[in-house]
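Novice: Provided herewith: coords21.cif, mmCIF, C-alpha atoms.
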```
data_run
#
loop_
_atom_site.label_atom_id
_atom_site.label_comp_id
_atom_site.auth_asym_id
_atom_site.auth_seq_id
_atom_site.Cartn_x
_atom_site.Cartn_y
_atom_site.Cartn_z
CA MET W 8 -6.83 -19.48 10.13
CA SER W 9 -5.94 -22.08 12.72
CA VAL W 10 -4.60 -20.71 16.00
CA SER W 11 -1.43 -22.75 15.47
CA GLY W 12 -1.01 -21.79 11.82
CA LEU W 13 1.08 -19.25 9.96
CA ARG W 14 0.17 -17.47 6.75
CA PHE W 15 1.95 -15.09 4.43
CA ALA W 16 1.26 -12.94 1.38
CA SER W 17 3.01 -10.46 -0.91
CA LEU W 18 1.97 -6.87 -1.50
CA GLY W 19 4.16 -6.90 -4.61
CA SER W 20 7.54 -8.20 -5.66
CA GLY W 21 10.05 -6.64 -8.05
CA SER W 22 12.18 -3.60 -8.73
CA LYS W 23 9.17 -1.25 -8.46
CA GLY W 24 8.36 -2.17 -4.87
CA ASN W 25 8.37 -5.04 -2.37
CA GLY W 26 6.43 -5.99 0.72
CA THR W 27 5.64 -9.28 2.47
CA LEU W 28 2.98 -9.88 5.10
CA VAL W 29 3.34 -12.60 7.73
CA GLU W 30 0.67 -13.45 10.30
CA ALA W 31 0.69 -16.00 13.12
CA GLY W 32 -0.86 -16.27 16.57
CA GLY W 33 -2.52 -12.87 16.25
CA THR W 34 0.74 -11.10 15.30
CA ARG W 35 1.05 -9.39 11.91
CA LEU W 36 4.37 -8.24 10.50
CA LEU W 37 5.33 -6.46 7.30
CA ILE W 38 8.74 -7.20 5.81
CA ASP W 39 9.85 -4.20 3.73
CA CYS W 40 7.65 -1.56 2.16
CA GLY W 41 8.66 -0.10 -1.18
CA PHE W 42 5.35 1.57 -2.04
CA GLN W 43 3.91 5.01 -1.46
CA LEU W 44 1.53 5.31 1.48
CA ARG W 45 -1.77 5.20 -0.42
CA GLU W 46 -0.55 2.35 -2.59
CA THR W 47 0.55 0.42 0.50
CA GLU W 48 -2.82 0.96 2.16
CA ALA W 49 -4.61 -0.20 -0.99
CA ARG W 50 -2.50 -3.32 -1.28
CA LEU W 51 -3.00 -4.15 2.40
CA GLU W 52 -6.76 -3.64 2.00
CA ARG W 53 -6.71 -6.01 -0.97
CA LEU W 54 -5.41 -8.66 1.44
CA GLY W 55 -7.96 -7.75 4.10
CA ILE W 56 -5.48 -6.07 6.43
CA GLU W 57 -5.54 -2.65 8.11
CA ALA W 58 -2.14 -1.03 8.54
CA ALA W 59 -2.90 -0.14 12.15
CA SER W 60 -3.05 -3.85 13.00
CA LEU W 61 0.62 -4.42 12.14
CA ALA W 62 2.96 -5.18 15.03
CA GLY W 63 5.96 -3.76 13.19
CA ILE W 64 7.97 -3.50 9.98
CA LEU W 65 11.09 -5.58 9.40
CA VAL W 66 13.50 -3.98 6.92
CA THR W 67 16.01 -5.93 4.85
CA HIS W 68 18.09 -3.02 3.48
CA GLU W 69 17.95 0.62 2.42
CA HIS W 70 17.23 0.39 -1.32
CA GLY W 71 14.11 2.29 -2.30
CA ASP W 72 12.12 -0.67 -3.57
CA HIS W 73 12.33 -2.13 -0.05
CA LEU W 74 12.57 0.87 2.28
CA GLY W 75 11.00 3.70 0.28
CA GLY W 76 7.57 3.49 1.89
CA VAL W 77 8.56 2.47 5.42
CA GLY W 78 8.89 5.93 6.94
CA ARG W 79 5.50 7.31 5.98
CA LEU W 80 3.70 4.09 6.91
CA ALA W 81 5.46 3.89 10.28
CA ARG W 82 4.75 7.55 11.12
CA ARG W 83 1.14 7.36 10.03
CA TYR W 84 0.33 4.33 12.17
CA GLY W 85 2.92 4.54 14.95
CA LEU W 86 4.68 1.34 13.90
CA THR W 87 8.03 0.10 15.17
CA VAL W 88 10.69 -0.34 12.48
CA TYR W 89 13.30 -3.10 12.90
CA LEU W 90 16.57 -2.76 10.98
CA THR W 91 20.31 -3.23 11.27
CA THR W 92 22.75 -0.52 12.32
CA GLY W 93 24.09 -0.20 8.78
CA THR W 94 20.63 0.13 7.27
CA SER W 95 19.65 2.73 9.85
CA LEU W 96 22.74 4.81 9.05
CA ALA W 97 21.90 4.69 5.34
CA TRP W 98 18.26 5.59 5.95
CA LYS W 99 17.44 9.22 5.23
CA ASP W 100 14.28 9.28 7.36
CA SER W 101 15.04 10.33 10.94
CA GLN W 102 11.48 11.21 11.93
CA VAL W 103 10.26 7.71 12.83
CA GLU W 104 10.00 7.60 16.61
CA ALA W 105 10.00 3.83 17.18
CA VAL W 106 13.15 2.31 15.69
CA GLN W 107 14.61 -0.96 16.95
CA ILE W 108 18.20 -1.77 15.95
CA ILE W 109 18.73 -5.49 15.40
CA ASN W 110 21.78 -7.74 15.22
CA PRO W 111 21.65 -9.73 11.96
CA HIS W 112 23.11 -12.72 13.79
CA GLN W 113 20.72 -12.69 16.75
CA GLY W 114 17.12 -13.84 16.85
CA PHE W 115 14.29 -12.07 18.67
CA SER W 116 10.52 -12.27 19.06
CA ILE W 117 7.69 -9.93 18.08
CA GLY W 118 4.49 -11.14 19.65
CA ALA W 119 3.86 -14.74 18.61
CA ILE W 120 6.49 -14.75 15.84
CA GLU W 121 10.13 -15.67 16.34
CA VAL W 122 12.37 -13.72 13.98
CA GLN W 123 15.78 -14.93 12.85
CA PRO W 124 17.63 -12.36 10.74
CA TYR W 125 20.65 -13.45 8.73
CA PRO W 126 23.21 -11.48 6.69
CA VAL W 127 23.33 -11.69 2.89
CA PRO W 128 25.81 -10.42 0.26
CA HIS W 129 24.23 -7.41 -1.44
CA ASP W 130 25.39 -3.91 -2.37
CA ALA W 131 23.91 -2.23 0.69
CA ARG W 132 25.29 -1.08 4.07
CA GLU W 133 24.28 -4.04 6.26
CA PRO W 134 21.61 -6.09 4.47
CA CYS W 135 19.84 -9.03 6.00
CA GLN W 136 16.96 -11.37 5.26
CA TYR W 137 14.65 -13.20 7.63
CA VAL W 138 13.33 -16.57 8.75
CA LEU W 139 10.02 -16.42 10.65
CA ASN W 140 9.00 -19.17 13.06
CA HIS W 141 5.77 -19.93 14.88
CA ALA W 142 4.62 -23.15 16.58
CA GLY W 143 7.19 -25.25 14.73
CA LEU W 144 6.38 -23.71 11.35
CA LYS W 145 9.21 -22.04 9.45
CA LEU W 146 8.97 -19.46 6.65
CA GLY W 147 12.22 -18.50 4.93
CA ILE W 148 12.64 -15.28 2.97
CA LEU W 149 15.60 -14.71 0.66
CA SER W 150 15.97 -11.88 -1.81
CA ASP W 151 18.55 -9.33 -2.90
CA ALA W 152 21.63 -11.51 -2.59
CA GLY W 153 24.43 -11.84 -5.12
CA HIS W 154 25.43 -15.35 -4.15
CA VAL W 155 24.58 -18.06 -1.64
CA THR W 156 26.71 -18.60 1.45
CA ALA W 157 27.01 -21.66 3.67
CA HIS W 158 25.24 -19.78 6.46
CA MET W 159 22.33 -18.94 4.17
CA ARG W 160 21.96 -22.63 3.31
CA GLU W 161 22.02 -23.52 6.98
CA VAL W 162 19.28 -21.12 8.08
CA LEU W 163 17.02 -21.89 5.10
CA SER W 164 17.23 -25.66 5.37
CA GLY W 165 14.07 -27.38 6.57
CA CYS W 166 11.61 -24.57 5.82
CA ASP W 167 7.88 -25.25 5.53
CA ALA W 168 7.63 -22.37 3.05
CA LEU W 169 10.25 -20.42 1.16
CA MET W 170 10.08 -17.10 -0.68
CA LEU W 171 13.10 -17.24 -2.96
CA GLU W 172 14.55 -14.65 -5.32
CA CYS W 173 14.82 -15.66 -8.97
CA ASN W 174 15.76 -12.25 -10.29
CA HIS W 175 17.17 -12.99 -13.72
CA ASP W 176 18.02 -15.55 -16.35
CA LEU W 177 21.73 -15.41 -17.16
CA HIS W 178 21.31 -15.49 -20.92
CA SER W 179 18.53 -12.90 -20.86
CA LEU W 180 20.64 -10.56 -18.74
CA SER W 181 23.80 -10.93 -20.84
CA SER W 182 21.96 -10.42 -24.14
CA GLY W 183 19.46 -7.89 -22.88
CA PRO W 184 19.23 -4.08 -23.09
CA TYR W 185 20.86 -3.16 -19.77
CA PRO W 186 24.10 -1.17 -20.01
CA TYR W 187 27.24 -3.13 -19.20
CA SER W 188 27.70 -1.51 -15.77
CA LEU W 189 24.17 -2.48 -14.69
CA LYS W 190 24.61 -6.01 -15.99
CA GLN W 191 27.74 -6.28 -13.87
CA ARG W 192 25.94 -4.98 -10.80
CA VAL W 193 22.87 -7.20 -11.15
CA GLY W 194 24.86 -10.32 -12.00
CA GLY W 195 27.71 -9.67 -9.58
CA SER W 196 28.51 -11.31 -6.25
CA ARG W 197 26.65 -8.55 -4.38
CA GLY W 198 23.77 -8.22 -6.83
CA HIS W 199 20.78 -10.52 -7.31
CA LEU W 200 20.30 -14.28 -7.51
CA ASN W 201 19.68 -15.72 -10.95
CA ASN W 202 17.51 -18.74 -11.71
CA ALA W 203 20.45 -21.15 -11.75
CA GLN W 204 21.79 -19.94 -8.39
CA SER W 205 18.38 -20.29 -6.77
CA ALA W 206 17.99 -23.76 -8.26
CA ASP W 207 21.39 -24.74 -6.84
CA LEU W 208 20.28 -23.49 -3.42
CA LEU W 209 17.16 -25.66 -3.58
CA ARG W 210 19.30 -28.69 -4.40
CA SER W 211 21.62 -28.04 -1.46
CA ILE W 212 19.09 -27.63 1.38
CA ASP W 213 16.47 -29.83 3.02
CA CYS W 214 13.23 -29.17 1.11
CA SER W 215 11.36 -32.21 2.42
CA ARG W 216 8.97 -30.07 4.49
CA LEU W 217 8.18 -27.49 1.80
CA GLN W 218 4.48 -26.80 1.43
CA HIS W 219 4.94 -23.60 -0.56
CA LEU W 220 7.71 -22.28 -2.79
CA VAL W 221 7.25 -18.69 -3.98
CA LEU W 222 9.66 -17.26 -6.54
CA THR W 223 10.18 -13.54 -6.01
CA HIS W 224 11.81 -10.38 -7.36
CA LEU W 225 11.63 -11.53 -10.98
CA SER W 226 13.05 -9.00 -13.41
CA GLU W 227 10.50 -7.80 -15.94
CA THR W 228 13.33 -7.33 -18.46
CA ASN W 229 15.68 -10.24 -17.80
CA ASN W 230 13.42 -13.10 -16.72
CA THR W 231 10.05 -14.73 -17.22
CA PRO W 232 7.87 -16.76 -14.84
CA GLU W 233 8.22 -19.71 -17.20
CA LEU W 234 12.02 -19.71 -17.01
CA ALA W 235 12.05 -19.30 -13.22
CA LEU W 236 9.46 -22.02 -12.66
CA ALA W 237 11.29 -24.41 -14.96
CA ALA W 238 14.54 -23.96 -13.03
CA ALA W 239 12.83 -24.52 -9.66
CA CYS W 240 10.89 -27.56 -10.87
CA GLU W 241 14.01 -29.14 -12.32
CA ALA W 242 15.91 -28.58 -9.07
CA LEU W 243 13.19 -30.14 -6.93
CA GLN W 244 12.17 -32.78 -9.48
CA ARG W 245 8.55 -31.84 -8.86
CA SER W 246 5.71 -30.36 -10.87
CA ALA W 247 4.86 -26.67 -10.71
CA ASP W 248 1.37 -26.97 -9.25
CA TRP W 249 2.49 -25.72 -5.81
CA ILE W 250 5.33 -23.47 -6.99
CA VAL W 251 4.23 -19.92 -7.83
CA CYS W 252 5.71 -16.55 -8.77
CA ALA W 253 4.89 -13.41 -6.81
CA GLU W 254 3.95 -10.59 -9.16
CA GLN W 255 4.94 -6.93 -9.17
CA GLU W 256 1.41 -5.59 -9.47
CA GLY W 257 -0.70 -8.42 -8.11
CA GLY W 258 1.67 -9.62 -5.41
CA LEU W 259 0.55 -12.96 -4.02
CA GLY W 260 -2.59 -13.91 -2.11
CA TRP W 261 -2.49 -15.54 1.29
CA ARG W 262 -0.72 -18.90 1.60
CA ALA W 263 -1.25 -20.89 4.80
CA LEU W 264 0.95 -23.28 6.75
CA TYR W 265 -0.40 -25.77 9.29
#
```
How does this structure look as structure tokens?

Specialist:
Amino acid sequence: MSVSGLRFASLGSGSKGNGTLVEAGGTRLLIDCGFQLRETEARLERLGIEAASLAGILVTHEHGDHLGGVGRLARRYGLTVYLTTGTSLAWKDSQVEAVQIINPHQGFSIGAIEVQPYPVPHDAREPCQYVLNHAGLKLGILSDAGHVTAHMREVLSGCDALMLECNHDLHSLSSGPYPYSLKQRVGGSRGHLNNAQSADLLRSIDCSRLQHLVLTHLSETNNTPELALAAACEALQRSADWIVCAEQEGGLGWRALY
């Protein structure tokens, strides 16, 4: 990888566990970890990464598919965990020694990577998502949000790469097997973004610099890669050859920005 470049990959994406790797300028960060320790180590190894080389773990919120594996990984390798006050209060693991409380409205740096957290509407204590910057390259990450706010559009505009939640298809959710209460939660204003909402976001922000668009957190019950890709392609008026879906089991291999 070029010294001035940035690359990213997914350990896995979906309701059974999430984790995103970002590397730039010799700094490696993990965003969320929803896998058991051995599974996390195996998925990192698959991407050629040793857990001990991580500079820290950024947490988005306390739900198990994002936070469930953070404690054991952090304790095993002495990693610093970055999370909001609300997420820390909701976290049941008090044995991690290195915890850094962050303000979701205030940027900070970890090594060579500039981190800009931003708040999102989700049914958690104080959830946030992240934009990562290095040498003029910008990676936006958005997942676990029930709707899109003006501030979200502002921070995600002009990204060079975007990892964007396309959790469900509206028709598939409404006609699917979930009980009514779960349908209301998933499709509600503090639930998850559907394909149409994500497509609307793409239409409303500056996508002229996009080199990579990765669709994430697809529901195995209420969505398909084909439906999500079609919505994104229609929004951008571009073909799908550079738009991909991160998988639950396979994650996503390294994607590079230069």

Novice: Of the candidates W:Gly194, W:Glu104, W:Gly258, W:Thr27, which one gets nearest to Arg83 of chain W if we count all atoms listed in the file?

Specialist: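 So, comparing all the options, the nearest one is W:Glu104.
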
Novice: Give as a VMD selection string the residues that the PyMOL selection byres ((chain W and resi 134) around 6) matches when applied to the coordinates above.

Specialist: chain W and resid 67 to 68 131 133 135

Novice: Near Ile109 of chain W, counting only C-alpha atoms, which residues have an atom at most 8 Å away, once you skip same-chain residues fewer than 4 positions from it, shown as a list in words?

Specialist: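 Residues near the query, excluding close chain neighbours: Tyr89, Leu90, Thr91, Thr92 and Gln113 of chain W.
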
Novice: So that I have them on file, write out the residues from the current selection with C-alpha atoms, as a PDB file, in the frame of the given file.

Specialist:
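Final file, part.pdb:
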```
ATOM      1  CA  TYR W  89      13.300  -3.100  12.900  1.00  0.00           C
ATOM      2  CA  LEU W  90      16.570  -2.760  10.980  1.00  0.00           C
ATOM      3  CA  THR W  91      20.310  -3.230  11.270  1.00  0.00           C
ATOM      4  CA  THR W  92      22.750  -0.520  12.320  1.00  0.00           C
ATOM      5  CA  GLN W 113      20.720 -12.690  16.750  1.00  0.00           C
TER       6      GLN W 113
END
```

Novice: What separation in Å, quoted to one decimal, exists between atom CA of Leu139 of chain W and atom CA of Glu121 of chain W?

Specialist: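 Separating atom CA of Leu139 of chain W from atom CA of Glu121 of chain W is a distance of 5.7 Å.
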
Novice: Grab the atom CA of Ser181 of chain W to atom CA of Asp248 of chain W distance for me, in Å with one decimal place.

Specialist: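 Separation of atom CA of Ser181 of chain W and atom CA of Asp248 of chain W: 29.9 Å.
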